[in-house]
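S.K.: Following this message is one structure expressed as structure tokens.
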Amino acid sequence: MSSDLANKLRLGLAELATVREQFASLVSLPATSEGVIERAAASAMLHSFYTEIEKILKLIAREWDDQMPASEAWHRELLKQMSTATAKRPAVLSPALVEALGEFLAFRHLFRGASIVLMRWDKLSPLVAKVAATYDRTEAEITAFVHFIEAGS
């Protein structure tokens, strides 16, 4: 099971890297960009970025912790679960990364309930600008967890 989970996590990180690479053209857009296509693309890509991270965290919760949060606030509880060490594993996410991911989660909830018409580039662009650093930190912390799994196998 351990090597299987490690492989699944590596695959998840590869998928996340692909999503992250697609942000390059959005990062160069001016903060005043008003095009609906740019706003729609940025919104969808930010949603995809967080969703890929959450898929990785759900794998760990289900396959390593044998416990997935079930309340209405499960998205936030999943971040908390991954930032807390257990008897079986160290914390997967640092508090700083949980804070950064919280911004993406908040956007994801907004995106799923709001019209693209309401999305403003001056609000989207700061989050787009945080993708690279958040990706780097996520990749490093999940890779450290993969190494933890492999060391115990």
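Naming works like this for the structure tokens: A, B, ... for the chains as they're shown, residue 1 at the start of each chain, ligands 1 onward in shown order.
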Once you count only C-alpha atoms, what closest atom pair and distance in Å to one decimal does each residue of region 105-145 of chain A within 8 Å of region 47-59 of chain A have, with rows by chain and rising residue number, as a Markdown table?

M.R.:
| residue | atom | partner | partner_atom | distance |
| --- | --- | --- | --- | --- |
| A:Leu105 | CA | A:Tyr50 | CA | 6.7 |
| A:Phe107 | CA | A:His47 | CA | 7.5 |
| A:Arg108 | CA | A:His47 | CA | 5.3 |
| A:Phe111 | CA | A:His47 | CA | 7.3 |
| A:Thr138 | CA | A:Ile53 | CA | 7.9 |

S.K.: Include C-alpha atoms and write out the residues we just selected as a short mmCIF file (atom, residue, chain, number, x, y, z; two decimals), in the first residue's frame.

M.R.:
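Contents of the output file out-v2.cif:
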data_model
loop_
_atom_site.label_atom_id
_atom_site.label_comp_id
_atom_site.auth_asym_id
_atom_site.auth_seq_id
_atom_site.Cartn_x
_atom_site.Cartn_y
_atom_site.Cartn_z
CA LEU A 105 -9.97 27.40 -1.09
CA PHE A 107 -11.60 31.52 -4.09
CA ARG A 108 -12.75 28.03 -5.09
CA PHE A 111 -15.92 30.57 -8.08
CA THR A 138 3.13 22.29 -2.00
#

S.K.: So which residues touch Lys88 (chain A) within 12 Å, counting only C-alpha atoms, skipping near sequence neighbours fewer than 5 positions away, as a ChimeraX atom specification?

M.R.: /A:60-61,63-66,145,148-149,152

S.K.: Write a file of the just-selected residues containing C-alpha atoms, as a PDB file, in the first residue's frame.

M.R.:
ATOM      1  CA  ILE A  60      -3.521  10.902   1.971  1.00  0.00           C
ATOM      2  CA  ALA A  61      -6.599  11.263   4.184  1.00  0.00           C
ATOM      3  CA  GLU A  63      -5.371   5.870   2.116  1.00  0.00           C
ATOM      4  CA  TRP A  64      -2.953   6.784   4.910  1.00  0.00           C
ATOM      5  CA  ASP A  65      -5.135   8.243   7.657  1.00  0.00           C
ATOM      6  CA  ASP A  66      -8.176   6.058   6.849  1.00  0.00           C
ATOM      7  CA  PHE A 145       5.718  13.149   2.756  1.00  0.00           C
ATOM      8  CA  PHE A 148       8.499   9.646   4.640  1.00  0.00           C
ATOM      9  CA  ILE A 149       6.293   6.915   3.131  1.00  0.00           C
ATOM     10  CA  GLY A 152       8.981   3.384   6.158  1.00  0.00           C
TER      11      GLY A 152
END

S.K.: Pro95 (chain A): which residues within 10 Å, counting only C-alpha atoms, same-chain residues fewer than 5 positions away excluded, as a PyMOL selection string?

M.R.: chain A and resi 79-80+82-84+100-101

S.K.: Take the residues just selected and output them with N, CA and C atoms as a tab-separated table (two decimals), in the first residue's frame.

M.R.:
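Written file, result37.tsv:
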chain	number	residue	atom	x	y	z
A	79	LEU	N	-7.63	20.51	5.33
A	79	LEU	CA	-6.38	21.26	5.49
A	79	LEU	C	-5.87	21.14	6.92
A	80	LYS	N	-6.77	21.26	7.89
A	80	LYS	CA	-6.37	21.14	9.29
A	80	LYS	C	-5.84	19.74	9.58
A	82	MET	N	-4.41	17.69	7.54
A	82	MET	CA	-3.11	17.50	6.90
A	82	MET	C	-2.01	18.31	7.58
A	83	SER	N	-2.39	19.31	8.37
A	83	SER	CA	-1.38	20.10	9.08
A	83	SER	C	-1.12	19.60	10.49
A	84	THR	N	-1.80	18.52	10.86
A	84	THR	CA	-1.67	17.97	12.21
A	84	THR	C	-0.99	16.60	12.13
A	100	ALA	N	-1.77	29.76	2.96
A	100	ALA	CA	-1.79	30.08	1.53
A	100	ALA	C	-2.90	29.31	0.81
A	101	LEU	N	-3.02	28.02	1.12
A	101	LEU	CA	-4.06	27.21	0.48
A	101	LEU	C	-5.45	27.68	0.88

S.K.: From the list A:Ala85, A:Arg76, A:Leu46, A:His109, which residue is nearest Leu127 (chain A) when using only C-alpha atoms?

M.R.: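 The answer is A:Leu46, which sits nearest to Leu127 (chain A).
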
S.K.: May I ask which of the residues A:Thr134, A:Ala96, A:Thr18, A:Arg62 is the closest one to Leu5 (chain A), counting only C-alpha atoms?

M.R.: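 Distance minimum relative to Leu5 (chain A) lands on A:Arg62.
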
S.K.: Could you go through region 35-111 of chain A and tell me which residues DSSP, when run on the backbone, assigns to helix (DSSP H, G or I), listing them as a PDB file with C-alpha atoms, in the first residue's frame?

M.R.:
ATOM      1  CA  VAL A  36     -14.038  38.120 -19.926  1.00  0.00           C
ATOM      2  CA  ILE A  37     -11.971  35.373 -21.552  1.00  0.00           C
ATOM      3  CA  GLU A  38      -8.944  36.182 -19.382  1.00  0.00           C
ATOM      4  CA  ARG A  39     -11.090  36.364 -16.255  1.00  0.00           C
ATOM      5  CA  ALA A  40     -12.850  33.104 -17.092  1.00  0.00           C
ATOM      6  CA  ALA A  41      -9.547  31.384 -17.847  1.00  0.00           C
ATOM      7  CA  ALA A  42      -7.932  32.642 -14.654  1.00  0.00           C
ATOM      8  CA  SER A  43     -10.947  31.619 -12.584  1.00  0.00           C
ATOM      9  CA  ALA A  44     -11.088  28.127 -14.070  1.00  0.00           C
ATOM     10  CA  MET A  45      -7.340  27.652 -13.734  1.00  0.00           C
ATOM     11  CA  LEU A  46      -7.301  28.808 -10.092  1.00  0.00           C
ATOM     12  CA  HIS A  47     -10.133  26.388  -9.415  1.00  0.00           C
ATOM     13  CA  SER A  48      -8.212  23.571 -11.130  1.00  0.00           C
ATOM     14  CA  PHE A  49      -5.022  24.420  -9.252  1.00  0.00           C
ATOM     15  CA  TYR A  50      -6.670  24.100  -5.854  1.00  0.00           C
ATOM     16  CA  THR A  51      -8.695  21.062  -6.907  1.00  0.00           C
ATOM     17  CA  GLU A  52      -5.511  19.194  -7.920  1.00  0.00           C
ATOM     18  CA  ILE A  53      -3.964  19.939  -4.527  1.00  0.00           C
ATOM     19  CA  GLU A  54      -7.102  18.844  -2.746  1.00  0.00           C
ATOM     20  CA  LYS A  55      -7.149  15.555  -4.693  1.00  0.00           C
ATOM     21  CA  ILE A  56      -3.653  14.810  -3.368  1.00  0.00           C
ATOM     22  CA  LEU A  57      -4.680  15.635   0.198  1.00  0.00           C
ATOM     23  CA  LYS A  58      -7.791  13.453  -0.097  1.00  0.00           C
ATOM     24  CA  LEU A  59      -5.601  10.532  -1.168  1.00  0.00           C
ATOM     25  CA  ILE A  60      -3.521  10.902   1.971  1.00  0.00           C
ATOM     26  CA  ALA A  61      -6.599  11.263   4.184  1.00  0.00           C
ATOM     27  CA  ARG A  62      -8.294   8.199   2.741  1.00  0.00           C
ATOM     28  CA  GLU A  63      -5.371   5.870   2.116  1.00  0.00           C
ATOM     29  CA  TRP A  74     -14.742  19.233   5.189  1.00  0.00           C
ATOM     30  CA  HIS A  75     -12.555  21.238   2.791  1.00  0.00           C
ATOM     31  CA  ARG A  76     -11.183  23.382   5.626  1.00  0.00           C
ATOM     32  CA  GLU A  77     -11.059  20.406   7.989  1.00  0.00           C
ATOM     33  CA  LEU A  78      -8.998  18.490   5.427  1.00  0.00           C
ATOM     34  CA  LEU A  79      -6.378  21.262   5.490  1.00  0.00           C
ATOM     35  CA  LYS A  80      -6.372  21.140   9.294  1.00  0.00           C
ATOM     36  CA  GLN A  81      -6.073  17.336   9.273  1.00  0.00           C
ATOM     37  CA  MET A  82      -3.110  17.503   6.898  1.00  0.00           C
ATOM     38  CA  PRO A  95       0.940  26.213   8.866  1.00  0.00           C
ATOM     39  CA  ALA A  96       2.230  28.702   6.268  1.00  0.00           C
ATOM     40  CA  LEU A  97       1.118  26.468   3.409  1.00  0.00           C
ATOM     41  CA  VAL A  98      -2.288  25.894   5.020  1.00  0.00           C
ATOM     42  CA  GLU A  99      -2.710  29.669   5.206  1.00  0.00           C
ATOM     43  CA  ALA A 100      -1.791  30.078   1.529  1.00  0.00           C
ATOM     44  CA  LEU A 101      -4.057  27.210   0.481  1.00  0.00           C
ATOM     45  CA  GLY A 102      -6.864  28.775   2.509  1.00  0.00           C
ATOM     46  CA  GLU A 103      -6.876  31.704   0.070  1.00  0.00           C
ATOM     47  CA  PHE A 104      -7.224  29.336  -2.881  1.00  0.00           C
ATOM     48  CA  LEU A 105      -9.969  27.399  -1.090  1.00  0.00           C
ATOM     49  CA  ALA A 106     -11.873  30.633  -0.408  1.00  0.00           C
ATOM     50  CA  PHE A 107     -11.601  31.524  -4.091  1.00  0.00           C
ATOM     51  CA  ARG A 108     -12.751  28.033  -5.087  1.00  0.00           C
ATOM     52  CA  HIS A 109     -15.917  28.466  -3.025  1.00  0.00           C
ATOM     53  CA  LEU A 110     -16.506  31.903  -4.556  1.00  0.00           C
ATOM     54  CA  PHE A 111     -15.917  30.566  -8.078  1.00  0.00           C
TER      55      PHE A 111
END

S.K.: Could you check how far CA of Glu72 (chain A) sits from CA of Leu93 (chain A), in Å to one decimal?

M.R.: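 CA of Glu72 (chain A) sits 21.5 Å away from CA of Leu93 (chain A).
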